[in-house]
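Have a look at the structure below before the remarks.
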Amino acid sequence: MPDTPPRYDDIGHALSRLALAAVFVSGGRHVWQHPDGPAQGAETFLKRCRRAVPLLDRFTDRQLVRANAAVHMTAGATLAAGIAPAASATALTGSLVPTTLAAFPFWAQPDGPQRVRQQGDFLKNLALAGGLLAVMVNSERRTK
């Protein structure tokens with residue numbers, strides 16, 4: 001049986017997975033290496049989480065931030081490689097929610113440049129979640 005050339009939609013899906021994955025692998029690596037700033041930024045959010053989930057008391061803010069960074073790097077790498085793309089995108093989406101709520105609570109900021117910047121970053125993460133959702137939907141369609 002002759003080799004069939006790759007379809008353009010296959011190339012498009014691979015490129016979109018790579019683009020999404022790059023954000024998570026790069027960001028996760030940075031947070032893994034420098035967790036103190038993100039841990040400090042997540043402190044208020046993590047306090048609220050600990051009231052709802054007492055199990056989190058066993059971990060420091062720094063450990064939780066690094067665990068989230070590990071999810072970003074690992075699931076980002078598997079997404080880039082095309083390994084279980086739906087599962088990878090699901091893990092990234094799940095970890096993106098607390099990341100976004102902790103890092104960009106623009107609604108708690110007074111009007112001004114900081115609020116605008118945080119709102120923009122919040123919306124960028126929302127767009128990333130949309131891209132990950134597309135990966136999940138396309139992966140489901142392709143396995144049927």
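Chain labels A, B, ... are given in the sequence in which chains occur in the structure tokens; within each chain residues are numbered consecutively from 1, and ligands are likewise numbered from 1 in the order shown.
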Report task. Find the residues near range 85-101 of chain A: any atom within 6 Å, counting only C-alpha atoms, skip ones fewer than 5 places away on the same chain, and give them as a ChimeraX atom specification. Result -> /A:75,79,129,132,136,139
Report task. List every residue of chain A that DSSP, applied to the backbone, labels as alpha helix (DSSP H), and write the result as an MDAnalysis selection string. Result -> chainID A and resid 8:33 36:41 43:52 61:81 85:103 113:143
Report task. Could you give me, as an NGL selection string, the residues within 7 Å of range 119-127 of chain A, counting only C-alpha atoms and dropping anything in the same chain fewer than 3 positions from it? Result -> :A and (100 or 104 or 106 or 115-116 or 130-131)
C-alpha atoms of the current selection, written as a PDB file, in the first residue's frame:
```pdb
ATOM      1  CA  THR A 100      -6.550  32.337  35.569  1.00  0.00           C
ATOM      2  CA  PHE A 104      -5.875  37.699  36.884  1.00  0.00           C
ATOM      3  CA  PHE A 106      -9.328  41.935  37.349  1.00  0.00           C
ATOM      4  CA  ARG A 115      -7.247  46.231  35.897  1.00  0.00           C
ATOM      5  CA  VAL A 116      -7.068  46.626  32.109  1.00  0.00           C
ATOM      6  CA  GLY A 130     -11.332  27.975  23.530  1.00  0.00           C
ATOM      7  CA  GLY A 131      -8.413  26.567  21.555  1.00  0.00           C
TER       8      GLY A 131
END
```
Query raised in the report: So which residues touch range 66-69 of chain A within 10 Å, counting only C-alpha atoms, skipping near sequence neighbours fewer than 5 positions away, as a PyMOL selection string?
Result: chain A and resi 24-36+38-39+60-61+74-75+92+94-96+98-99
Expected file: the selected residues, N, CA and C atoms, as an mmCIF file, in the first residue's frame:
```cif
data_model
loop_
_atom_site.group_PDB
_atom_site.id
_atom_site.type_symbol
_atom_site.label_atom_id
_atom_site.label_comp_id
_atom_site.auth_asym_id
_atom_site.auth_seq_id
_atom_site.Cartn_x
_atom_site.Cartn_y
_atom_site.Cartn_z
ATOM 1 N N PHE A 24 1.927 26.675 27.116
ATOM 2 C CA PHE A 24 1.896 25.975 28.402
ATOM 3 C C PHE A 24 3.267 25.443 28.812
ATOM 4 N N VAL A 25 4.007 24.885 27.871
ATOM 5 C CA VAL A 25 5.333 24.358 28.202
ATOM 6 C C VAL A 25 6.266 25.499 28.629
ATOM 7 N N SER A 26 6.256 26.575 27.873
ATOM 8 C CA SER A 26 7.118 27.711 28.184
ATOM 9 C C SER A 26 6.722 28.359 29.511
ATOM 10 N N GLY A 27 5.438 28.642 29.674
ATOM 11 C CA GLY A 27 4.969 29.258 30.917
ATOM 12 C C GLY A 27 5.167 28.344 32.113
ATOM 13 N N GLY A 28 4.876 27.060 31.937
ATOM 14 C CA GLY A 28 5.048 26.100 33.028
ATOM 15 C C GLY A 28 6.501 25.993 33.449
ATOM 16 N N ARG A 29 7.392 25.984 32.471
ATOM 17 C CA ARG A 29 8.829 25.913 32.777
ATOM 18 C C ARG A 29 9.278 27.137 33.570
ATOM 19 N N HIS A 30 8.801 28.297 33.145
ATOM 20 C CA HIS A 30 9.183 29.526 33.852
ATOM 21 C C HIS A 30 8.684 29.500 35.293
ATOM 22 N N VAL A 31 7.425 29.109 35.494
ATOM 23 C CA VAL A 31 6.866 29.064 36.849
ATOM 24 C C VAL A 31 7.573 28.001 37.681
ATOM 25 N N TRP A 32 7.901 26.865 37.074
ATOM 26 C CA TRP A 32 8.624 25.811 37.809
ATOM 27 C C TRP A 32 9.958 26.347 38.336
ATOM 28 N N GLN A 33 10.652 27.100 37.489
ATOM 29 C CA GLN A 33 11.967 27.611 37.872
ATOM 30 C C GLN A 33 11.889 28.818 38.820
ATOM 31 N N HIS A 34 10.793 29.567 38.743
ATOM 32 C CA HIS A 34 10.635 30.793 39.534
ATOM 33 C C HIS A 34 9.239 30.816 40.170
ATOM 34 N N PRO A 35 8.966 29.928 41.130
ATOM 35 C CA PRO A 35 7.596 29.806 41.661
ATOM 36 C C PRO A 35 7.202 30.871 42.695
ATOM 37 N N ASP A 36 8.158 31.610 43.230
ATOM 38 C CA ASP A 36 7.836 32.502 44.346
ATOM 39 C C ASP A 36 6.876 33.632 43.967
ATOM 40 N N PRO A 38 4.619 33.787 41.357
ATOM 41 C CA PRO A 38 3.274 33.242 41.169
ATOM 42 C C PRO A 38 2.637 32.747 42.471
ATOM 43 N N ALA A 39 3.426 32.170 43.357
ATOM 44 C CA ALA A 39 2.877 31.705 44.635
ATOM 45 C C ALA A 39 2.369 32.886 45.455
ATOM 46 N N THR A 60 2.282 23.761 50.569
ATOM 47 C CA THR A 60 2.542 25.204 50.572
ATOM 48 C C THR A 60 2.047 25.797 49.255
ATOM 49 N N ASP A 61 1.905 27.108 49.254
ATOM 50 C CA ASP A 61 1.517 27.789 48.013
ATOM 51 C C ASP A 61 2.530 27.490 46.912
ATOM 52 N N THR A 74 3.836 18.990 31.380
ATOM 53 C CA THR A 74 3.608 17.604 30.973
ATOM 54 C C THR A 74 2.489 17.500 29.949
ATOM 55 N N ALA A 75 1.333 18.082 30.267
ATOM 56 C CA ALA A 75 0.205 18.012 29.335
ATOM 57 C C ALA A 75 0.506 18.823 28.073
ATOM 58 N N LEU A 92 -5.085 20.503 30.645
ATOM 59 C CA LEU A 92 -4.662 21.899 30.555
ATOM 60 C C LEU A 92 -5.816 22.846 30.861
ATOM 61 N N GLY A 94 -8.417 22.185 32.730
ATOM 62 C CA GLY A 94 -8.670 22.088 34.165
ATOM 63 C C GLY A 94 -7.683 22.877 34.998
ATOM 64 N N SER A 95 -6.432 22.903 34.581
ATOM 65 C CA SER A 95 -5.429 23.650 35.346
ATOM 66 C C SER A 95 -5.432 25.135 34.984
ATOM 67 N N LEU A 96 -5.970 25.455 33.820
ATOM 68 C CA LEU A 96 -6.027 26.855 33.390
ATOM 69 C C LEU A 96 -7.049 27.651 34.204
ATOM 70 N N PRO A 98 -7.967 27.473 37.592
ATOM 71 C CA PRO A 98 -7.425 28.089 38.811
ATOM 72 C C PRO A 98 -6.270 29.052 38.530
ATOM 73 N N THR A 99 -5.482 28.756 37.515
ATOM 74 C CA THR A 99 -4.389 29.664 37.146
ATOM 75 C C THR A 99 -4.938 31.043 36.825
#
```
Query raised in the report: CA of Ala102 in chain A and CA of Gly76 in chain A are how many Å apart?
Result: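 Calculated distance between CA of Ala102 in chain A and CA of Gly76 in chain A is 20.0 Å.
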Requested in this report: Rank nothing, just name the residue among A:Leu46, A:Val135, A:Ala22, A:Ala52 nearest to Ala84 in chain A, using only C-alpha atoms.
Outcome: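 Closest to Ala84 in chain A of all the choices is A:Val135.
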Query raised in the report: Distance CA of Val71 in chain A-CA of Ile83 in chain A, one decimal place?
Result: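 Separation of CA of Val71 in chain A and CA of Ile83 in chain A: 14.6 Å.
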